[in-house]
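Shown next, in structure tokens, is the structure this report addresses.
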Amino acid sequence: MDLHVREEKIVRVSSNVRAPVNGIHLCVKGRYGHDFVHHGGRLREPQVRRYLLDGGIRPPNAPRGQWTTVDWDTALDIVARRFATARMEAGAEGLGVLASAKCTNEENYLLQKLARQVLGTHNVDHCARLCHASTVAGLSMAYGSGAMSNTLKDVAEDAAAVFVIGSNPTEQHPVFGTMLRQAVRRRGIPLVVADPRAIDLTEFAAVHLRHRPGTNVALLNGLMQIMLTEGWHDRTFIGQRTEGFEAWCTSLVTYTPARVAQITGVSEAQLFRAASLLAHAKPMAVIWAMGITQHTSGVLNVLALANLQMLLGNLGVPGGGVNPLRGQNNVQGACDMGALPNVFPGYLSVPDAAARELFASAWATTPAPRPLFPEVPGLTVTEMIGAAGQRALRVLYIVGENPAATDPDLNQVKAHLDSAEFVVLQELFASNTADFADVLLPGAAWAEKCGTFTNTERRVQPVRKVVNAPGHARPDWDIVCELARRTLALQGRSATGPHAGWDYASPDDILIEIGRLCPSYAGITPERLSRGESLHWPVLDANHPGTPILHVEHFSRGKGKFHVADHVPPHELPDHEYPLLLTTGRVLPHWHAGEMTRRVPGLLALCSQPLVEISPGDAARLHIADHDALRLTSRRGEVWAVAHVTDRVPPGVVFGNFHFPDEANVNHLTQAALDPVAKIPELKVCAVRVSRVQSFPPGPL
Ligand SMILES: Nc1nc2c(c(=O)[nH]1)N[C@H]1C(S)=C(S)[C@@H](COP(=O)(O)OP(=O)(O)OC[C@H]3O[C@@H](n4cnc5c(=O)[nH]c(N)nc54)[C@H](O)[C@@H]3O)O[C@H]1N2
Ligand SMILES: Nc1nc2c(c(=O)[nH]1)N[C@H]1C(S)=C(S)[C@@H](COP(=O)(O)OP(=O)(O)OC[C@H]3O[C@@H](n4cnc5c(=O)[nH]c(N)nc54)[C@H](O)[C@@H]3O)O[C@H]1N2
Ligand SMILES: [Mo]
């Protein structure tokens with residue numbers, strides 16, 4: 001996108017025909033969502049709680065008290081001293097870092113380097129945990145790589161059929177949503193949508209499978225059982241490129257159409273029609289997002305999709321593949337950079353001794369800390385918040401994330417953050433999480449700094465500074481460098497390894513270091529980016545053309561592996577006390593906790609209320625009319641909302657979002673039940689009670 005700037009302000013955004021991904025398309029947030037950059041509420045100066053200047057001790061459970069504006073040296077020294085002291089007193093396991101999928105690759109690389117090299121801990125994670133953690137885990141098990149296998153363009157142009165399951169691209173990936181609609185309209189390819197809600201895309205679908213939330217494995221096994229019975233599977237592909245097929249086939253026997261129809265609520269005829277469409281069009285591309293991943297069965301869901309594409313031989317070709325649409329602008333990059341507790345940059349595994357050795361020598365300091373790196377992975381997002389609440393973590397450094405609004409079971413999260421000893425928040429705004437912070441560091445937004453982002457199709461693209469940050473706000477990479485240098489000095493350590501120092505003149509220097517340590521980024525250089533090249537990793541050297549399609553001749557792990565995946569019901573289902581199933585997600589004009597989009601008047605005008613979708617039947621039974629005020633209650637909390645009576649949701653299901661202020665945020669209702677492997681919370685299913693209330697609670701929106 002091109003930013004038009006006048007007198008230090010972005011005045012307009014336009015698309016660029018030459019833009020490799022979106023061309024002339026921009027979504028409403030791309031075109032109009034930039035107002036937040038210049039919003040008067042931006043953090044301009046560092047702030048610390050008064051007590052930190054008056055001796056620095058806050059008794060447990062005492063309020064954090066007043067904010068005071070300080071200069072950068074004061075704020076950075078306070079944080080660095082806490083880092084060094086906590087490391088000395090509690091050991092490396094006493095610290096944790098939440099990195100940011102809104103920040104650049106360079107910034108995420110530095111955040112995990114800070115955690116591992118300076119603080120000595122693998123306690124580094126980010127919102128991918130709440131998002132595609134199941135995808136990364138499941139696809140790694142099946143194929144050896146957790147990333148999207150194909151490109152947006154080849155899916156839109158070459159797929160002979162498309163299966164969209166648990167993804168609402170017209171609202172959540174609107175540019176791609178448009179490309180998909182055009183593929184159906186212009187090329188006439190069949191589209192199968194599996195979603196409990198009648199999302200906009202269902203208008204274009206040949207079949208809409210409206211299964212019950214949380215019954216994805218049963219649905220997919222049912223479809224595959226039909227394909228097998230009918231002999232529609234790709235025997236050559238299965239024979240040459242996969243393993244585990246026979247044992248897996250046996251596991252499907254019980255997924256008869258009758259049983260699957262009973263579990264999912266989808267008729268046998270619909271199952272048969274969908275199976276036939278998907279199996280007879282080759283290549284067929286599978287697309288998924290949070291409707292698949294955010295379940296206690298998240299990894300099983302992904303394994304079932306991986307099985308489907310091997311069964312039909314739809315891998316390694318344009319127009320096929322496994323296409324998990326990643327969410328945040330740079331969540332793919334934050335994962336690639338190792339802002340995860342179990343992998344270093346380039347997905348080198350923490351438990352692997354050779355990987356630890358590689359980074360120990362690259363980032364070596366004298367004196368060397370002992371042990372260099374723990375061999376066990378660190379804590380995840382939800383685990384770190386819990387540990388901070390128990391004070392097992394003594395310092396939590398949060399950059400560009402808002403866990404006090406986006407994590408499940410917020411009453412519990414807030415209690416933990418409240419009793420945490422020391423929380424540093426680096427943000428654009430005083431978000432919900434700022435209430436629980438001891439230090440607030442003002443970061444620069446994307447238009448105010450340089451670096452790279454990696455999009456959902458593994459394509460690395462530059463972002464360039466066009467305006468200055470407000471006040472004394474600084475780019476996140478610069479703040480991380482300051483903290484690292486100051487902490488190392490307090491620890492009496494100096495850099496000796498070839499990539500151990502922190503004196504980067506610019507993000508380009510950081511990208512060069514990334515290329516040296518991360519083979520899939522080896523050929524992504526500042527020179528190539530400035531020549532306008534935008535490449536899909538792996539890019540193995542300076543002349544390598546990049547890899548738009550993965551798994552072409554063999555899988556990253558050699559053979560693709562069929563995994564048995566059995567239906568497991570969601571953790572909490574409706575009962576007589578909480579009779580409705582709440583599923584949560586997003587709407588087009590807003591972004592997550594809304595810190596940015598609620599500061600954009602044009603977007604707020606498009607959606608200004610926390611709407612909850614409820615079916616006409618349920619609404620009638622509860623005497624609810626459109627736009628009535630509602631109270632939603634779960635075992636964990638309550639929120640208010642505005643009724644949107646619509647048959648987009650099936651009877652028994654309500655759909656809410658987390659875009660509006662605290663008392664309207666559905667995460668007070670959601671639960672922290674986790675997938676056992678990926679540790680992703682079940683944000684897509686919990687049980688609630690809904691009632692009409694006389695009026696909306698007072699308070700600002
Ligand atoms: N406008 C906007 N766009 C965004 C974002 C945003 O906040 N706002 N966030 C970005 C991020 S980080 C992400 S991760 C993506 C998320 O993008 P999506 O995953 O597309 O969005 P969601 O609304 O979370 O959920 C998608 C769908 O899952 C369905 N669903 C619920 N339960 C089930 C189930 O059991 N099975 C199936 N098959 N479907 C189910 C819901 O009905 C919903 O339509 O969006 C990205 N894009
Ligand atoms: N109920 C429910 N909860 C969910 C989900 C769901 O579907 N349902 N989805 C989950 C998913 S998929 C995701 S990805 C998470 C998202 O969870 P979060 O990442 O916590 O959500 P955001 O609101 O995007 O928070 C990003 C923050 O970064 C700040 N920011 C933006 N740019 C920069 C920058 O350059 N530097 C710094 N320092 N800060 C910056 C913004 O002001 C914003 O407050 O939410 C999860 N929570
Ligand atoms: Mo996400």
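In the structure tokens, the first chain shown is A, the next is B, and so on; residue numbers restart at 1 for each chain, and ligands run from 1 in the order shown.
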
### Message
DSSP on the backbone, strand (DSSP E) only: what residues of range 54-162 of chain A does that give? Format it as a PyMOL selection string.
### Response
chain A and resi 67-69+95-98+124-125+161-162

### Query
range 663-670 of chain A: which residues within 7 Å, counting only C-alpha atoms, same-chain residues fewer than 4 positions away excluded, as a VMD selection string?
chain A and resid 405 to 411 610 633 to 634 636 to 641 656 to 659 683 686

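Every protein, DNA or RNA residue with an atom at most 6 Å from range 220-224 of chain A, where only C-alpha atoms count and chain neighbours fewer than 5 positions away do not, is listed here: Tyr255, Pro257, Val260 and Ala275 of chain A.
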
Residues just named, written with all heavy atoms as a PDB file, in the first residue's frame:
```
ATOM      1  N   TYR A 255     -16.644 -44.033  11.356  1.00  0.00           N
ATOM      2  CA  TYR A 255     -17.226 -42.750  10.930  1.00  0.00           C
ATOM      3  C   TYR A 255     -18.170 -42.935   9.747  1.00  0.00           C
ATOM      4  O   TYR A 255     -17.968 -42.428   8.657  1.00  0.00           O
ATOM      5  CB  TYR A 255     -16.112 -41.727  10.640  1.00  0.00           C
ATOM      6  CG  TYR A 255     -15.403 -41.351  11.920  1.00  0.00           C
ATOM      7  CD1 TYR A 255     -14.301 -42.077  12.368  1.00  0.00           C
ATOM      8  CD2 TYR A 255     -15.886 -40.316  12.716  1.00  0.00           C
ATOM      9  CE1 TYR A 255     -13.690 -41.773  13.573  1.00  0.00           C
ATOM     10  CE2 TYR A 255     -15.274 -40.002  13.921  1.00  0.00           C
ATOM     11  CZ  TYR A 255     -14.175 -40.735  14.342  1.00  0.00           C
ATOM     12  OH  TYR A 255     -13.586 -40.432  15.539  1.00  0.00           O
ATOM     13  N   PRO A 257     -21.580 -42.508   7.564  1.00  0.00           N
ATOM     14  CA  PRO A 257     -22.401 -41.317   7.343  1.00  0.00           C
ATOM     15  C   PRO A 257     -23.475 -41.148   8.422  1.00  0.00           C
ATOM     16  O   PRO A 257     -23.718 -40.017   8.875  1.00  0.00           O
ATOM     17  CB  PRO A 257     -23.004 -41.581   5.965  1.00  0.00           C
ATOM     18  CG  PRO A 257     -21.999 -42.447   5.274  1.00  0.00           C
ATOM     19  CD  PRO A 257     -21.410 -43.316   6.345  1.00  0.00           C
ATOM     20  N   VAL A 260     -21.825 -39.880  11.645  1.00  0.00           N
ATOM     21  CA  VAL A 260     -21.291 -38.534  11.455  1.00  0.00           C
ATOM     22  C   VAL A 260     -22.439 -37.522  11.384  1.00  0.00           C
ATOM     23  O   VAL A 260     -22.366 -36.428  11.956  1.00  0.00           O
ATOM     24  CB  VAL A 260     -20.401 -38.494  10.190  1.00  0.00           C
ATOM     25  CG1 VAL A 260     -20.051 -37.067   9.814  1.00  0.00           C
ATOM     26  CG2 VAL A 260     -19.128 -39.311  10.432  1.00  0.00           C
ATOM     27  N   ALA A 275     -18.383 -34.513  -0.340  1.00  0.00           N
ATOM     28  CA  ALA A 275     -17.269 -35.444  -0.574  1.00  0.00           C
ATOM     29  C   ALA A 275     -17.048 -35.604  -2.066  1.00  0.00           C
ATOM     30  O   ALA A 275     -15.912 -35.591  -2.550  1.00  0.00           O
ATOM     31  CB  ALA A 275     -17.562 -36.790   0.086  1.00  0.00           C
TER      32      ALA A 275
END
```

### Query
Using only C-alpha atoms and all ligand atoms, which protein or nucleic acid residues are at most 6 Å from ligand 1, as a PyMOL selection string?
chain A and resi 131+165-169+171-173+194-197+199+213-216+289-292+326-328+583+585-592+684

### Query
Of the residues A:Ala183, A:Ile680, A:Ala261, A:Met337, which is the one nearest to ligand 3, using only C-alpha atoms and all ligand atoms?
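Counting only C-alpha atoms and all ligand atoms, the residue closest to ligand 3 is A:Ile680.
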
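The shortest atom-to-atom distance to ligand 2, with only C-alpha atoms and all ligand atoms taken into account, belongs to A:Cys450 out of A:Val460, A:Cys450, A:Val286, A:Leu95.
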